[in-house]
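Novice: Below you'll find the structure I mean.
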Amino acid sequence: MTSRRIVIQGAAVLPALATFGPGTAEAKMKVLKGSVSYRERMALPDGATVRVQLLDVSLADAASVTIAETVITPEGQVPIPYELHYDEAAIVANHSYAVAARIEAEGRLLYISTTRHAVLTGGADDTDIMVERVAASSAAPEGRWLAEDILGGGVLDRVETRLEIGADGGVAGSSGCNAISGTAMIAGDSIKFGPIAATRKACVPAVGDQEQKFFKALGLTGRWHYDAQRQKLTLSGQGGRTLMVLARIG
């Protein structure tokens, strides 16, 4: 048996939930049921949490969109059952959807799903999620970084585009004009940035152009490589294309 926190609907669902009133149909809630497991014969530490998300993964060159999420505090060991409630109105025909999971404890990422578990395709839903243990080496992207090159075009002088990656996957920094925040999912040498939020300060055209390239590079990133001797972090995308090179500043 598990104890669950409240299910949080993703941003794509909020408009439908916010328009209840006379003549407005209520959201039609559906549920996906499955389990989260891992292969290691290891007990989870006290206080570990399991986060399961329903994602719209339709766009290969953009970050996935969270449709629904639930966080579980397991009372037993794996397999850990879950129920993921979502609004049927948020599901778009011809889009691709998948469920993903991660296990955390004390702000540290312990396990994460690394393969796609497709759901809502018209066939059987792949809701039993196998997560992989995060290698200690995955901590290398953590820290504060200064961009030296973005999409092969260098960077502007006296404009600091900074990226900060925390031990918990939290992302912060500056595009060179606006402050940013978000999350990153890291497993081995793979890294995927979730939706990035930014302030809305007006930028001069050249800085605004660099900002857009910075956001594009983050959205396309799939791998990281750290050169310890040069203290440089390289983010790459499909086919190994270098998207950004950053220098460690902390």
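Each chain of the structure tokens is named A, B, ... in the order shown, its residues numbered from 1; ligands are numbered from 1 in display order.
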I need the residues of segment 105-250 of chain A that end up classed as helix (DSSP H, G or I) by DSSP on the backbone, written out as a PyMOL selection string.

Specialist: chain A and resi 136-139+205-220+238-240

Novice: Give me the residues within 6 Å of segment 35-50 of chain A as a short mmCIF file (atom, residue, chain, number, x, y, z; two decimals) with all heavy atoms, in the first residue's frame, counting only C-alpha atoms and dropping any in the same chain fewer than 3 places off.

Specialist:
```
data_model
loop_
_atom_site.label_atom_id
_atom_site.label_comp_id
_atom_site.auth_asym_id
_atom_site.auth_seq_id
_atom_site.Cartn_x
_atom_site.Cartn_y
_atom_site.Cartn_z
N VAL A 71 2.83 12.48 -7.20
CA VAL A 71 4.01 12.19 -6.38
C VAL A 71 3.60 11.24 -5.28
O VAL A 71 2.62 11.47 -4.56
CB VAL A 71 4.60 13.49 -5.77
CG1 VAL A 71 5.80 13.17 -4.89
CG2 VAL A 71 4.98 14.46 -6.88
N ILE A 72 4.35 10.15 -5.14
CA ILE A 72 4.03 9.08 -4.20
C ILE A 72 5.14 8.96 -3.17
O ILE A 72 6.32 9.00 -3.50
CB ILE A 72 3.88 7.73 -4.94
CG1 ILE A 72 2.82 7.84 -6.04
CG2 ILE A 72 3.55 6.61 -3.97
CD1 ILE A 72 2.89 6.70 -7.04
N THR A 73 4.77 8.83 -1.92
CA THR A 73 5.72 8.48 -0.87
C THR A 73 5.50 7.01 -0.54
O THR A 73 4.53 6.66 0.15
CB THR A 73 5.50 9.34 0.39
OG1 THR A 73 5.62 10.72 0.04
CG2 THR A 73 6.53 9.00 1.46
N VAL A 78 9.70 -1.75 -4.29
CA VAL A 78 9.21 -1.96 -5.65
C VAL A 78 8.65 -3.38 -5.82
O VAL A 78 9.08 -4.29 -5.12
CB VAL A 78 10.35 -1.71 -6.67
CG1 VAL A 78 10.78 -0.27 -6.63
CG2 VAL A 78 11.53 -2.63 -6.41
N PRO A 79 7.70 -3.53 -6.76
CA PRO A 79 7.11 -2.50 -7.61
C PRO A 79 6.17 -1.58 -6.84
O PRO A 79 5.43 -2.03 -5.97
CB PRO A 79 6.36 -3.30 -8.67
CG PRO A 79 6.00 -4.59 -7.98
CD PRO A 79 7.15 -4.88 -7.05
N ILE A 80 6.21 -0.30 -7.19
CA ILE A 80 5.40 0.71 -6.51
C ILE A 80 4.22 1.07 -7.41
O ILE A 80 4.41 1.61 -8.50
CB ILE A 80 6.24 1.96 -6.23
CG1 ILE A 80 7.44 1.61 -5.35
CG2 ILE A 80 5.40 3.06 -5.57
CD1 ILE A 80 8.53 2.65 -5.33
N PRO A 81 3.00 0.76 -7.00
CA PRO A 81 1.84 1.08 -7.85
C PRO A 81 1.54 2.57 -7.86
O PRO A 81 1.84 3.29 -6.90
CB PRO A 81 0.71 0.29 -7.19
CG PRO A 81 1.11 0.19 -5.75
CD PRO A 81 2.61 0.10 -5.74
N TYR A 82 0.97 3.03 -8.96
CA TYR A 82 0.56 4.43 -9.04
C TYR A 82 -0.73 4.55 -9.84
O TYR A 82 -1.10 3.66 -10.62
CB TYR A 82 1.65 5.28 -9.72
CG TYR A 82 1.83 5.04 -11.20
CD1 TYR A 82 1.03 5.70 -12.14
CD2 TYR A 82 2.78 4.14 -11.66
CE1 TYR A 82 1.19 5.47 -13.49
CE2 TYR A 82 2.95 3.90 -13.02
CZ TYR A 82 2.14 4.57 -13.94
OH TYR A 82 2.29 4.34 -15.29
N ARG A 102 10.58 9.14 -11.96
CA ARG A 102 11.87 9.37 -11.32
C ARG A 102 11.70 9.16 -9.83
O ARG A 102 10.62 9.40 -9.27
CB ARG A 102 12.42 10.78 -11.63
CG ARG A 102 11.49 11.90 -11.24
CD ARG A 102 11.93 13.21 -11.87
NE ARG A 102 13.17 13.73 -11.30
CZ ARG A 102 14.01 14.49 -11.97
NH1 ARG A 102 13.78 14.78 -13.23
NH2 ARG A 102 15.10 14.97 -11.39
N ILE A 103 12.76 8.72 -9.16
CA ILE A 103 12.76 8.52 -7.72
C ILE A 103 13.84 9.41 -7.13
O ILE A 103 14.99 9.41 -7.58
CB ILE A 103 13.02 7.04 -7.35
CG1 ILE A 103 11.96 6.13 -7.99
CG2 ILE A 103 13.02 6.86 -5.84
CD1 ILE A 103 12.19 4.65 -7.74
N GLU A 104 13.45 10.17 -6.10
CA GLU A 104 14.36 11.12 -5.47
C GLU A 104 14.38 10.92 -3.97
O GLU A 104 13.41 10.40 -3.40
CB GLU A 104 13.95 12.56 -5.80
CG GLU A 104 13.91 12.88 -7.28
CD GLU A 104 13.28 14.22 -7.57
OE1 GLU A 104 12.28 14.56 -6.88
OE2 GLU A 104 13.77 14.94 -8.45
N ALA A 105 15.45 11.37 -3.34
CA ALA A 105 15.54 11.36 -1.88
C ALA A 105 16.48 12.46 -1.44
O ALA A 105 17.59 12.59 -1.97
CB ALA A 105 16.05 10.01 -1.37
N ASP A 128 3.83 0.11 -16.95
CA ASP A 128 4.76 -0.44 -15.95
C ASP A 128 6.16 0.08 -16.29
O ASP A 128 6.77 -0.34 -17.27
CB ASP A 128 4.72 -1.97 -15.95
CG ASP A 128 3.41 -2.51 -15.41
OD1 ASP A 128 2.79 -1.82 -14.57
OD2 ASP A 128 2.98 -3.59 -15.83
N ILE A 129 6.64 1.01 -15.48
CA ILE A 129 7.85 1.77 -15.80
C ILE A 129 9.06 1.19 -15.07
O ILE A 129 9.06 1.07 -13.84
CB ILE A 129 7.67 3.24 -15.42
CG1 ILE A 129 6.40 3.81 -16.06
CG2 ILE A 129 8.89 4.05 -15.83
CD1 ILE A 129 6.05 5.20 -15.55
N MET A 130 10.09 0.84 -15.83
CA MET A 130 11.36 0.40 -15.25
C MET A 130 12.30 1.59 -15.23
O MET A 130 12.59 2.18 -16.28
CB MET A 130 11.97 -0.73 -16.08
CG MET A 130 13.26 -1.30 -15.51
SD MET A 130 13.03 -2.17 -13.92
CE MET A 130 12.08 -3.61 -14.46
N VAL A 131 12.76 1.98 -14.06
CA VAL A 131 13.68 3.12 -13.94
C VAL A 131 15.11 2.61 -13.77
O VAL A 131 15.34 1.50 -13.28
CB VAL A 131 13.28 4.04 -12.78
CG1 VAL A 131 11.96 4.73 -13.08
CG2 VAL A 131 13.19 3.28 -11.47
#
```

Novice: Would you mind listing what lies within 12 Å of Glu148 of chain A as a PyMOL selection string, with only C-alpha atoms counted and same-chain residues fewer than 4 positions away left out?

Specialist: chain A and resi 152-163+210+214+232-235+243-249

Novice: Could you check how far atom CA of Leu109 of chain A sits from atom CA of Val134 of chain A, in Å to one decimal?

Specialist: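 So the two atoms, atom CA of Leu109 of chain A and atom CA of Val134 of chain A, lie 7.0 Å apart.
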
Novice: Mind dumping a table of every segment 55-150 of chain A residue within 8 Å of segment 190-197 of chain A, with the nearest atom pair and its distance in Å to one decimal, using only C-alpha atoms, sorted by chain and rising number, as a Markdown table?

Specialist:
```
| residue | atom | partner | partner_atom | distance |
| --- | --- | --- | --- | --- |
| A:Ala63 | CA | A:Gly194 | CA | 5.7 |
| A:Ser64 | CA | A:Gly194 | CA | 6.9 |
| A:Val65 | CA | A:Pro195 | CA | 7.6 |
```

Novice: Among the residues of segment 18-175 of chain A, find those DSSP assigns to strand (DSSP E or B) from the backbone and print them as a ChimeraX atom specification.

Specialist: /A:29-37,49-56,65-74,80-87,97-105,108-112,117-119,128-130,132-133,143-150,162-165,170-174

Novice: Excluding Ile165 of chain A and its own-chain neighbours fewer than 4 positions away, which residues fall within 9 Å of it when counting only C-alpha atoms? Please give them as a list in words.

Specialist: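 Neighbouring residues, sequence-local ones excluded: Pro141, Glu142, Gly143, Arg144, Trp145, Gly169, Gly170, Val171, Ala172, Gly173, Thr183 and Ala184 of chain A.
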
Novice: Could those residues be written to a file, using C-alpha atoms, as a JSON list (two decimals), in the first residue's frame?

Specialist:
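To be explicit, this is the file written out as out_17.json:
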```json
[["chain", "number", "residue", "atom", "x", "y", "z"],
["A", 141, "PRO", "CA", 26.82, 18.88, -15.12],
["A", 142, "GLU", "CA", 26.02, 20.32, -11.69],
["A", 143, "GLY", "CA", 27.38, 23.79, -11.07],
["A", 144, "ARG", "CA", 27.44, 27.27, -12.59],
["A", 145, "TRP", "CA", 28.38, 27.69, -16.26],
["A", 169, "GLY", "CA", 17.93, 18.94, -11.30],
["A", 170, "GLY", "CA", 16.83, 22.52, -10.72],
["A", 171, "VAL", "CA", 17.89, 24.98, -13.41],
["A", 172, "ALA", "CA", 18.47, 28.71, -13.02],
["A", 173, "GLY", "CA", 20.62, 31.43, -14.56],
["A", 183, "THR", "CA", 14.36, 21.63, -14.46],
["A", 184, "ALA", "CA", 16.71, 19.11, -16.07]]
```

Novice: List the spatial neighbours of Ile91 of chain A as number ranges by chain - criterion: any atom at most 9 Å away, only C-alpha atoms, same-chain residues fewer than 5 positions off excluded.

Specialist: A: 56, 67, 86, 97, 120

Novice: Have a look at A:Ala93, A:Ala187, A:Val119, A:Met29 and name the one nearest to Leu54 of chain A; count only C-alpha atoms.

Specialist: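 Of the candidates, the smallest distance to Leu54 of chain A is held by A:Val119.
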